[in-house]
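Engineer: The following file, final_19.csv, comprises CSV, C-alpha atoms:
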chain,number,residue,atom,x,y,z
A,1,MET,CA,42.7,-11.0,-41.8
A,2,MET,CA,40.3,-13.8,-40.6
A,3,ARG,CA,41.3,-13.1,-37.0
A,4,HIS,CA,40.5,-9.4,-37.5
A,5,LEU,CA,37.2,-10.2,-39.1
A,6,LEU,CA,36.2,-12.6,-36.2
A,7,LYS,CA,37.1,-9.8,-33.7
A,8,CYS,CA,34.9,-7.3,-35.6
A,9,THR,CA,32.1,-9.8,-35.8
A,10,THR,CA,32.3,-10.6,-32.1
A,11,ALA,CA,32.4,-6.9,-31.3
A,12,PHE,CA,29.4,-6.2,-33.5
A,13,THR,CA,27.4,-9.1,-31.9
A,14,ALA,CA,28.2,-7.8,-28.4
A,15,LEU,CA,27.2,-4.3,-29.4
A,16,ALA,CA,23.9,-5.6,-30.9
A,17,MET,CA,23.2,-7.6,-27.8
A,18,SER,CA,24.0,-4.6,-25.7
A,19,ALA,CA,21.6,-2.4,-27.7
A,20,GLN,CA,18.9,-5.1,-27.5
A,21,LEU,CA,19.2,-5.2,-23.7
A,22,ALA,CA,19.2,-1.4,-23.6
A,23,LEU,CA,15.9,-1.3,-25.5
A,24,ALA,CA,14.3,-4.0,-23.3
A,25,GLY,CA,11.6,-2.9,-20.9
A,26,PRO,CA,9.2,0.0,-21.2
A,27,GLU,CA,9.8,3.1,-23.3
A,28,ILE,CA,9.5,6.6,-21.7
A,29,VAL,CA,6.7,8.3,-23.7
A,30,ALA,CA,4.7,11.5,-23.6
A,31,GLY,CA,1.4,11.6,-21.6
A,32,PRO,CA,-1.4,11.7,-21.0
A,33,GLY,CA,-1.8,8.0,-20.2
A,34,ALA,CA,-4.8,5.6,-20.4
A,35,ASN,CA,-7.8,6.3,-18.2
A,36,PRO,CA,-6.4,9.3,-16.3
A,37,GLU,CA,-9.4,9.4,-14.0
A,38,CYS,CA,-8.3,6.0,-12.6
A,39,PHE,CA,-4.6,6.0,-13.3
A,40,ALA,CA,-3.9,9.5,-12.1
A,41,PRO,CA,-0.2,10.7,-12.3
A,42,TRP,CA,1.4,11.5,-9.0
A,43,SER,CA,2.3,15.0,-10.1
A,44,ASP,CA,2.9,17.1,-13.2
A,45,ASP,CA,6.4,15.8,-13.3
A,46,THR,CA,5.5,12.1,-13.4
A,47,THR,CA,6.9,10.3,-16.5
A,48,TYR,CA,4.9,7.8,-18.6
A,49,LEU,CA,6.0,4.3,-19.5
A,50,GLN,CA,4.8,2.1,-22.3
A,51,TRP,CA,5.4,-1.6,-22.8
A,52,GLU,CA,5.0,-3.5,-26.0
A,53,ALA,CA,1.4,-4.8,-26.3
A,54,LYS,CA,0.7,-8.5,-25.6
A,55,GLU,CA,-2.4,-10.5,-26.4
A,56,ALA,CA,-4.7,-11.4,-23.5
A,57,PRO,CA,-5.3,-13.5,-21.4
A,58,TYR,CA,-2.3,-12.8,-19.1
A,59,LYS,CA,-0.5,-14.8,-16.4
A,60,ILE,CA,-0.3,-12.6,-13.3
A,61,ALA,CA,1.4,-13.3,-10.0
A,62,VAL,CA,0.9,-11.5,-6.7
A,63,VAL,CA,4.1,-11.8,-4.6
A,64,ASN,CA,3.2,-10.6,-1.1
A,65,GLY,CA,5.8,-10.4,1.7
A,66,PHE,CA,4.5,-10.2,5.3
A,67,VAL,CA,1.1,-11.9,5.9
A,68,GLY,CA,0.7,-11.6,9.7
A,69,ASN,CA,-2.0,-9.0,9.9
A,70,THR,CA,-5.6,-8.6,8.8
A,71,TRP,CA,-4.8,-6.0,6.1
A,72,ARG,CA,-2.6,-8.3,4.2
A,73,ILE,CA,-5.1,-11.2,4.5
A,74,GLN,CA,-7.9,-9.0,3.2
A,75,MET,CA,-5.5,-7.8,0.4
A,76,ILE,CA,-5.0,-11.4,-0.8
A,77,LYS,CA,-8.7,-12.1,-0.6
A,78,THR,CA,-9.4,-9.0,-2.6
A,79,ALA,CA,-6.9,-10.0,-5.3
A,80,LYS,CA,-8.7,-13.3,-5.7
A,81,ALA,CA,-12.1,-11.7,-5.7
A,82,PHE,CA,-11.1,-9.1,-8.3
A,83,ALA,CA,-9.7,-11.8,-10.6
A,84,GLU,CA,-13.2,-13.3,-10.7
A,85,ASP,CA,-14.9,-10.1,-11.5
A,86,PRO,CA,-16.7,-10.5,-14.9
A,87,ALA,CA,-15.2,-7.2,-16.2
A,88,ILE,CA,-11.6,-8.6,-15.8
A,89,LYS,CA,-11.9,-12.4,-15.6
A,90,ASP,CA,-11.4,-13.0,-19.4
A,91,LYS,CA,-8.2,-11.1,-19.4
A,92,ILE,CA,-6.5,-13.3,-16.8
A,93,GLU,CA,-5.4,-16.8,-17.7
A,94,THR,CA,-3.7,-17.6,-14.4
A,95,LEU,CA,-3.5,-15.8,-11.0
A,96,LYS,CA,-0.9,-17.1,-8.6
A,97,VAL,CA,-0.5,-15.7,-5.1
A,98,VAL,CA,2.4,-16.3,-2.7
A,99,SER,CA,3.5,-14.8,0.6
A,100,THR,CA,7.2,-15.0,1.3
A,101,GLY,CA,7.5,-13.4,4.7
A,102,THR,CA,9.7,-10.5,5.7
A,103,ASP,CA,12.9,-11.9,4.1
A,104,ALA,CA,13.8,-9.8,1.1
A,105,PRO,CA,15.9,-12.4,-0.7
A,106,ALA,CA,12.9,-14.8,-0.5
A,107,GLN,CA,10.6,-12.3,-2.1
A,108,LEU,CA,13.2,-11.5,-4.8
A,109,GLY,CA,13.6,-15.2,-5.5
A,110,ALA,CA,9.9,-15.7,-5.9
A,111,ILE,CA,9.7,-12.7,-8.3
A,112,GLU,CA,12.6,-14.1,-10.3
A,113,ASP,CA,11.0,-17.5,-10.4
A,114,PHE,CA,7.7,-16.1,-11.8
A,115,ILE,CA,9.7,-14.2,-14.5
A,116,ASN,CA,11.5,-17.3,-15.5
A,117,GLN,CA,8.2,-19.2,-15.7
A,118,GLY,CA,6.9,-16.7,-18.3
A,119,PHE,CA,4.5,-14.7,-16.3
A,120,ASP,CA,3.4,-11.5,-17.9
A,121,ALA,CA,3.0,-9.3,-14.8
A,122,ILE,CA,4.0,-9.4,-11.1
A,123,ILE,CA,2.2,-7.4,-8.5
A,124,THR,CA,4.1,-7.0,-5.2
A,125,ILE,CA,4.2,-5.3,-1.9
A,126,ALA,CA,7.9,-4.8,-1.4
A,127,VAL,CA,9.5,-6.1,1.8
A,128,SER,CA,12.2,-3.3,1.4
A,129,PRO,CA,12.2,-0.1,-0.7
A,130,ASP,CA,15.5,-1.0,-2.3
A,131,GLY,CA,17.4,-4.0,-3.6
A,132,PHE,CA,15.2,-4.8,-6.5
A,133,ASP,CA,17.5,-3.7,-9.3
A,134,ARG,CA,18.5,-7.2,-10.4
A,135,VAL,CA,14.9,-8.5,-10.8
A,136,ILE,CA,13.8,-5.2,-12.5
A,137,ARG,CA,16.6,-5.8,-15.1
A,138,LEU,CA,15.4,-9.4,-15.5
A,139,ALA,CA,11.8,-8.3,-15.9
A,140,ASP,CA,12.8,-5.7,-18.5
A,141,LYS,CA,14.8,-8.3,-20.5
A,142,ASN,CA,11.7,-10.5,-20.5
A,143,ASP,CA,9.1,-7.8,-21.1
A,144,VAL,CA,7.5,-8.5,-17.7
A,145,VAL,CA,5.5,-5.7,-16.0
A,146,ILE,CA,6.3,-5.4,-12.3
A,147,VAL,CA,3.9,-3.3,-10.3
A,148,PRO,CA,4.8,-2.5,-6.6
A,149,PHE,CA,1.9,-1.1,-4.6
A,150,ASP,CA,1.4,0.0,-0.9
A,151,ASN,CA,5.1,-0.5,0.1
A,152,VAL,CA,6.7,0.8,-3.0
A,153,LEU,CA,10.3,1.0,-4.2
A,154,ASP,CA,12.7,3.9,-4.2
A,155,THR,CA,13.0,3.7,-8.0
A,156,ASP,CA,11.5,5.2,-11.1
A,157,LYS,CA,12.1,2.1,-13.3
A,158,VAL,CA,8.8,0.4,-12.7
A,159,MET,CA,5.1,1.5,-12.6
A,160,GLN,CA,3.9,1.8,-9.0
A,161,VAL,CA,0.5,2.3,-7.3
A,162,ASN,CA,0.1,4.0,-4.0
A,163,GLU,CA,-1.6,6.6,-1.8
A,164,ASP,CA,0.5,9.5,-0.7
A,165,GLN,CA,1.9,8.1,2.6
A,166,LEU,CA,3.7,11.4,3.6
A,167,GLU,CA,0.4,13.3,3.2
A,168,MET,CA,-1.5,10.6,5.2
A,169,GLY,CA,0.9,11.2,8.1
A,170,ARG,CA,0.6,14.9,7.7
A,171,THR,CA,-3.2,14.7,7.6
A,172,TRP,CA,-3.3,12.6,10.8
A,173,ALA,CA,-1.1,15.0,12.6
A,174,LYS,CA,-2.9,18.1,11.5
A,175,PHE,CA,-6.2,16.6,12.6
A,176,VAL,CA,-4.9,15.7,16.0
A,177,LEU,CA,-3.2,19.1,16.4
A,178,ASP,CA,-6.4,20.9,15.6
A,179,GLN,CA,-8.4,18.8,18.1
A,180,LEU,CA,-5.9,19.4,20.8
A,181,LYS,CA,-5.7,23.1,20.2
A,182,ALA,CA,-9.5,23.3,20.2
A,183,GLU,CA,-9.3,21.9,23.7
A,184,GLY,CA,-6.6,24.5,24.7
A,185,THR,CA,-3.8,21.9,24.6
A,186,THR,CA,-0.6,23.3,23.1
A,187,SER,CA,2.0,20.8,24.4
A,188,GLY,CA,1.9,17.3,25.8
A,189,LYS,CA,2.7,13.6,25.3
A,190,LEU,CA,1.6,11.7,22.2
A,191,LEU,CA,1.8,8.0,21.4
A,192,GLU,CA,2.8,7.0,17.8
A,193,VAL,CA,2.0,3.4,17.0
A,194,ARG,CA,4.1,2.6,14.0
A,195,GLY,CA,3.7,-0.2,11.4
A,196,LEU,CA,6.0,-2.9,10.1
A,197,PRO,CA,9.7,-1.8,10.4
A,198,GLY,CA,11.7,-1.4,7.2
A,199,ASN,CA,8.8,-0.6,4.9
A,200,SER,CA,8.5,2.7,3.0
A,201,VAL,CA,4.9,3.1,4.1
A,202,ASP,CA,5.9,3.0,7.8
A,203,ARG,CA,8.8,5.4,7.2
A,204,ASP,CA,6.9,7.9,5.1
A,205,ARG,CA,3.9,8.1,7.3
A,206,SER,CA,6.1,8.7,10.4
A,207,ILE,CA,8.0,11.4,8.6
A,208,GLY,CA,4.8,13.2,7.7
A,209,ILE,CA,3.6,13.0,11.4
A,210,HIS,CA,6.8,14.4,12.7
A,211,GLU,CA,7.0,17.2,10.0
A,212,VAL,CA,3.7,18.7,11.3
A,213,PHE,CA,4.6,18.5,15.0
A,214,ASP,CA,8.1,19.7,14.5
A,215,ALA,CA,6.8,22.7,12.5
A,216,ASP,CA,4.2,23.5,15.2
A,217,GLY,CA,6.7,24.7,17.7
A,218,GLY,CA,4.8,23.3,20.7
A,219,ASP,CA,6.5,21.2,23.3
A,220,TRP,CA,5.4,17.8,22.0
A,221,GLU,CA,6.9,14.5,23.3
A,222,ILE,CA,6.2,11.6,20.9
A,223,VAL,CA,6.6,8.1,22.3
A,224,GLN,CA,7.0,5.5,19.6
A,225,VAL,CA,6.0,1.8,19.7
A,226,VAL,CA,5.8,-0.8,17.0
A,227,GLY,CA,2.4,-2.3,16.3
A,228,ASN,CA,3.1,-4.1,13.0
A,229,TRP,CA,-0.3,-2.7,11.6
A,230,ASP,CA,-1.9,-5.6,13.6
A,231,ASP,CA,-4.7,-5.2,16.1
A,232,GLY,CA,-3.4,-7.7,18.7
A,233,THR,CA,0.2,-6.3,18.6
A,234,ALA,CA,-1.0,-2.7,18.6
A,235,GLN,CA,-3.3,-3.4,21.6
A,236,LYS,CA,-0.5,-4.9,23.6
A,237,VAL,CA,2.1,-2.2,22.9
A,238,THR,CA,-0.4,0.5,23.6
A,239,ALA,CA,-1.4,-1.0,26.9
A,240,ASP,CA,2.3,-1.3,27.8
A,241,ALA,CA,2.9,2.3,26.8
A,242,ILE,CA,0.0,3.5,29.0
A,243,ALA,CA,1.3,1.4,31.9
A,244,VAL,CA,4.7,3.2,31.6
A,245,HIS,CA,3.6,6.7,30.8
A,246,ASN,CA,0.2,6.8,32.5
A,247,ARG,CA,-1.5,9.2,30.1
A,248,PHE,CA,-1.3,10.4,26.5
A,249,ASP,CA,-3.0,13.5,25.1
A,250,ALA,CA,-3.6,11.8,21.7
A,251,ILE,CA,-2.6,8.7,19.8
A,252,LEU,CA,-1.6,8.4,16.1
A,253,ALA,CA,-1.7,4.8,14.9
A,254,GLN,CA,-0.7,3.6,11.5
A,255,GLY,CA,-2.8,0.5,11.8
A,256,GLY,CA,-4.2,-1.9,14.4
A,257,THR,CA,-6.3,1.0,15.5
A,258,THR,CA,-9.2,-1.1,16.8
A,259,GLY,CA,-6.7,-2.7,19.2
A,260,VAL,CA,-5.3,0.7,20.2
A,261,VAL,CA,-8.8,1.9,21.2
A,262,GLN,CA,-9.5,-1.4,23.0
A,263,ALA,CA,-6.3,-0.9,25.0
A,264,MET,CA,-7.4,2.6,26.0
A,265,MET,CA,-10.8,1.2,27.2
A,266,ASP,CA,-9.2,-1.8,29.0
A,267,THR,CA,-6.8,0.5,30.9
A,268,ASP,CA,-9.4,3.1,31.7
A,269,HIS,CA,-7.4,5.7,29.7
A,270,PRO,CA,-9.5,8.8,29.0
A,271,MET,CA,-10.9,9.1,25.5
A,272,VAL,CA,-8.6,11.3,23.5
A,273,PRO,CA,-8.2,12.2,19.8
A,274,VAL,CA,-7.0,9.2,17.8
A,275,ALA,CA,-5.8,9.2,14.2
A,276,GLY,CA,-5.9,5.8,12.6
A,277,GLU,CA,-6.6,3.5,9.7
A,278,SER,CA,-9.8,2.4,8.1
A,279,GLU,CA,-10.6,-0.7,10.2
A,280,ASN,CA,-14.3,-1.2,10.5
A,281,GLY,CA,-13.9,-1.8,14.2
A,282,PHE,CA,-12.1,1.5,14.7
A,283,ARG,CA,-14.9,3.4,12.9
A,284,LYS,CA,-17.6,1.6,14.9
A,285,LEU,CA,-15.8,2.6,18.2
A,286,VAL,CA,-15.4,6.2,17.0
A,287,ALA,CA,-19.1,6.4,16.0
A,288,LYS,CA,-20.0,5.1,19.5
A,289,HIS,CA,-17.7,7.1,21.7
A,290,ALA,CA,-17.1,10.3,19.9
A,291,ASP,CA,-19.3,12.2,22.4
A,292,GLU,CA,-17.0,10.9,25.1
A,293,GLY,CA,-13.9,12.4,23.6
A,294,LEU,CA,-12.9,9.8,21.0
A,295,LYS,CA,-12.6,12.3,18.2
A,296,GLY,CA,-11.2,10.2,15.5
A,297,ILE,CA,-10.0,10.5,11.9
A,298,SER,CA,-9.9,7.3,9.8
A,299,ILE,CA,-7.8,7.3,6.6
A,300,GLY,CA,-7.8,4.1,4.6
A,301,GLN,CA,-4.8,2.6,2.9
A,302,SER,CA,-7.2,0.2,1.2
A,303,PRO,CA,-6.4,-3.5,0.6
A,304,GLY,CA,-8.3,-2.8,-2.6
A,305,LEU,CA,-5.1,-1.1,-4.0
A,306,VAL,CA,-4.2,-4.6,-5.2
A,307,ALA,CA,-7.1,-4.4,-7.6
A,308,ILE,CA,-5.9,-1.1,-9.0
A,309,ALA,CA,-2.4,-2.6,-9.3
A,310,ILE,CA,-3.8,-5.6,-11.3
A,311,LYS,CA,-5.9,-3.3,-13.4
A,312,ALA,CA,-2.9,-1.1,-14.1
A,313,ALA,CA,-0.8,-4.1,-15.1
A,314,ILE,CA,-3.4,-5.3,-17.5
A,315,SER,CA,-3.6,-1.8,-19.1
A,316,ALA,CA,0.2,-1.7,-19.5
A,317,LEU,CA,0.2,-5.2,-21.0
A,318,GLU,CA,-2.4,-4.0,-23.5
A,319,GLY,CA,0.2,-1.4,-24.7
A,320,ASN,CA,-1.2,1.7,-23.1
A,321,ALA,CA,0.9,4.6,-21.9
A,322,MET,CA,0.9,4.5,-18.1
A,323,PRO,CA,2.1,6.9,-15.4
A,324,GLN,CA,5.2,5.7,-13.7
A,325,LEU,CA,3.7,6.5,-10.3
A,326,ILE,CA,-0.1,6.3,-10.0
A,327,SER,CA,-1.8,8.3,-7.2
A,328,VAL,CA,-4.9,6.9,-5.5
A,329,PRO,CA,-6.7,9.6,-3.5
A,330,LEU,CA,-6.8,9.3,0.3
A,331,PRO,CA,-10.2,8.1,1.5
A,332,ILE,CA,-10.8,10.1,4.7
A,333,ALA,CA,-13.7,9.9,7.3
A,334,THR,CA,-13.7,12.0,10.5
A,335,TYR,CA,-15.8,11.3,13.6
A,336,ASP,CA,-18.6,13.6,12.4
A,337,GLU,CA,-18.9,12.0,9.0
A,338,LEU,CA,-19.4,8.4,10.0
A,339,GLU,CA,-22.6,6.7,8.8
A,340,ASP,CA,-23.5,3.1,9.4
A,341,GLY,CA,-23.9,1.3,6.0
A,342,ALA,CA,-22.1,4.0,4.1
A,343,ASN,CA,-18.5,4.2,5.4
A,344,TYR,CA,-18.6,1.6,8.2
A,345,TRP,CA,-20.8,-1.5,8.8
A,346,SER,CA,-22.1,-2.6,12.1
A,347,ASP,CA,-22.8,-6.1,10.7
A,348,LEU,CA,-19.3,-6.7,9.3
A,349,PRO,CA,-16.3,-7.9,11.4
A,350,ASP,CA,-14.1,-5.4,13.2
A,351,ASN,CA,-11.1,-6.4,11.2
A,352,PHE,CA,-12.7,-5.7,7.8
A,353,PHE,CA,-11.1,-2.7,6.1
A,354,THR,CA,-13.8,-0.4,4.9
A,355,VAL,CA,-12.5,1.2,1.7
A,356,ASN,CA,-12.8,-1.1,-1.3
A,357,GLU,CA,-14.6,1.0,-3.9
A,358,PHE,CA,-12.8,3.0,-6.6
A,359,PRO,CA,-15.6,4.5,-8.8
A,360,PRO,CA,-13.2,6.2,-11.3
A,361,CYS,CA,-11.7,2.8,-12.0
A,362,GLY,CA,-14.9,0.8,-12.2
A,363,VAL,CA,-13.7,-1.2,-9.2
A,364,ASN,CA,-16.3,-2.0,-6.5
A,365,ILE,CA,-15.5,-5.3,-4.6
A,366,SER,CA,-18.3,-6.2,-2.2
A,367,GLY,CA,-17.5,-7.2,1.4
A,368,PRO,CA,-19.2,-10.7,1.0
A,369,ALA,CA,-17.2,-11.3,-2.2
A,370,ILE,CA,-13.9,-10.5,-0.4
A,371,MET,CA,-14.8,-12.4,2.8
A,372,SER,CA,-15.7,-15.6,0.8
A,373,GLN,CA,-12.1,-16.0,-0.3
A,374,ASP,CA,-9.2,-17.4,1.7
A,375,GLU,CA,-5.7,-16.1,2.2
A,376,SER,CA,-3.8,-19.3,1.3
A,377,ASP,CA,-1.2,-19.3,-1.5
A,378,VAL,CA,-2.3,-20.3,-5.0
A,379,ASN,CA,0.7,-22.0,-6.6
Once more with this new file: its structure as structure tokens, please.

Structural biologist:
Amino acid sequence: MMRHLLKCTTAFTALAMSAQLALAGPEIVAGPGANPECFAPWSDDTTYLQWEAKEAPYKIAVVNGFVGNTWRIQMIKTAKAFAEDPAIKDKIETLKVVSTGTDAPAQLGAIEDFINQGFDAIITIAVSPDGFDRVIRLADKNDVVIVPFDNVLDTDKVMQVNEDQLEMGRTWAKFVLDQLKAEGTTSGKLLEVRGLPGNSVDRDRSIGIHEVFDADGGDWEIVQVVGNWDDGTAQKVTADAIAVHNRFDAILAQGGTTGVVQAMMDTDHPMVPVAGESENGFRKLVAKHADEGLKGISIGQSPGLVAIAIKAAISALEGNAMPQLISVPLPIATYDELEDGANYWSDLPDNFFTVNEFPPCGVNISGPAIMSQDESDVN
């Protein structure tokens, strides 16, 4: 009888623990969520998540991966600058920033370590779109909010912040196609300068580009090179591609676009339509050379997304219902819309990314505030 009672007790305890684990993490709730002008749901089908409210101030970690380009450096500086903003400063007890490189296990280990240290939220740019199941379960067990942004995860188990990367690729391709057809070009050779291999952003943008050209029906040859979203790397691989192929009818660059245009100039390549990122240097070059054929479109994947991710994490920690996937609108500027002092700055460095203002979110981080920070880890 006693043995049977012990078995029943053990089974009941295991069942209770199982139920407790099942209930850990956010609940799926009905929308709308908090501040929908800022935290816009990705689509009508987006679910809403709600965590148990915690008292501020919060311990927040930013776990970056790759740090070898100016975008990532500016992102880290932006996170530090935003944490000092008077509107948010009192809600943050601690901000830690680490960059773990391109090794996924190292990033996962850092996230797990912050969870075990009792951090309330972890903001991350994922090295890989999968492989995070274990740390997500650990975060749920400890009521920690994980917010991937930019390079997001292939999961619906965490709240994520991003721009529509597929649509960015499509928009680049549509612009280039329109420019070429306006010139009477219906077939030709294009250069695609890709980003950092293995990331969801690089993958999705490239898919969007190819969708448009595949659907067009023209005889388009697309040559791909890897630029790592870095000006120096992109400049070298573009110059090498020009040396091999002689001439391209247009270039689509996921990043490092200032370097791409510089390579065109250094090799005396004719000015052609270029689709690229929101580097200040790229916009300056387009503004200067548009009349010579550099018809450019600049779409910004803003380093300021880190501020939206931090703001979303704080809102979730306050107990607000939040969209599982938050959509940030694409900030687009074409060659005929560029204005010095408005959407590019002749007095700021070429490698400054121009889009850091999100009026619906009350986020406006000035260039000087960002540039005054450094990119070193804060442990």

Engineer: Between A:Leu348, A:Val225, A:Ile365, A:Val378, which residue has the minimum interatomic distance to Ala81 of chain A, considering all atoms listed in the file?

Structural biologist: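 Nearest candidate to Ala81 of chain A out of A:Leu348, A:Val225, A:Ile365, A:Val378: A:Ile365.
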
Engineer: I'd like a table as JSON lines: residues in segment 90-193 of chain A with an atom no more than 9 Å from segment 373-376 of chain A, each row giving the shortest atom pair and its distance in Å to one decimal, all atoms listed in the file counted, sorted by chain and rising residue number.

Structural biologist:
{"residue": "A:Val97", "atom": "CA", "partner": "A:Ser376", "partner_atom": "CA", "distance": 8.1}
{"residue": "A:Val98", "atom": "CA", "partner": "A:Ser376", "partner_atom": "CA", "distance": 8.0}
{"residue": "A:Ser99", "atom": "CA", "partner": "A:Ser376", "partner_atom": "CA", "distance": 8.6}

Engineer: Atom CA of Val201 of chain A and atom CA of Gln165 of chain A, how far apart in Å?

Structural biologist: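 So the answer is 6.0 Å.
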
Engineer: Compile the contact shell of Pro26 of chain A as a VMD selection string: residues with an atom at most 10 Å away, counting only C-alpha atoms, same-chain residues fewer than 6 positions apart removed.

Structural biologist: chain A and resid 48 to 52 140 143 to 145 157 to 159 316 319 321 to 322

Engineer: Would you compute the distance between atom CA of Val152 of chain A and atom CA of Ala333 of chain A? Give it in Å to one decimal.

Structural biologist: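 Distance reported for this atom pair: 24.6 Å.
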
Engineer: Please identify all polymer residues lying at most 10 Å from the point (11.9, -12.4, -1.5) (file coordinates), using all atoms listed in the file, and present the result as a ChimeraX atom specification.

Structural biologist: /A:63-65,99-112,126-128,132

Engineer: Select, from A:Ala312, A:Leu305, A:Ala263, A:Ile222, the residue with the minimum atom-to-atom distance to Asp240 of chain A, counting all atoms listed in the file.

Structural biologist: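 Closest to Asp240 of chain A of all the choices is A:Ala263.
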
Engineer: Please, what distance in Å, to one decimal, runs between atom CA of Glu163 of chain A and atom CA of Ala215 of chain A?

Structural biologist: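 Computing the Euclidean distance for atom CA of Glu163 of chain A and atom CA of Ala215 of chain A yields 23.1 Å.
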
Engineer: Between A:Val274, A:Ile370, A:Ile326, A:Ala182, which one has atoms that come closest to Asn162 of chain A, using all atoms listed in the file?

Structural biologist: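 When distances to Asn162 of chain A are compared using all atoms listed in the file, the smallest one comes from A:Ile326.
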
Engineer: Under the rule that all atoms listed in the file are counted, which of A:Pro323, A:Gly227, A:Val286, A:Ala234 is the nearest residue to Thr47 of chain A?

Structural biologist: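 Smallest distance to Thr47 of chain A is found for A:Pro323.
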
Engineer: Using all atoms listed in the file, which of A:Cys361, A:Ala56, A:Ile251, A:Val193 sits nearest Leu294 of chain A?

Structural biologist: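 Between A:Cys361, A:Ala56, A:Ile251, A:Val193, the residue approaching Leu294 of chain A most closely is A:Ile251.
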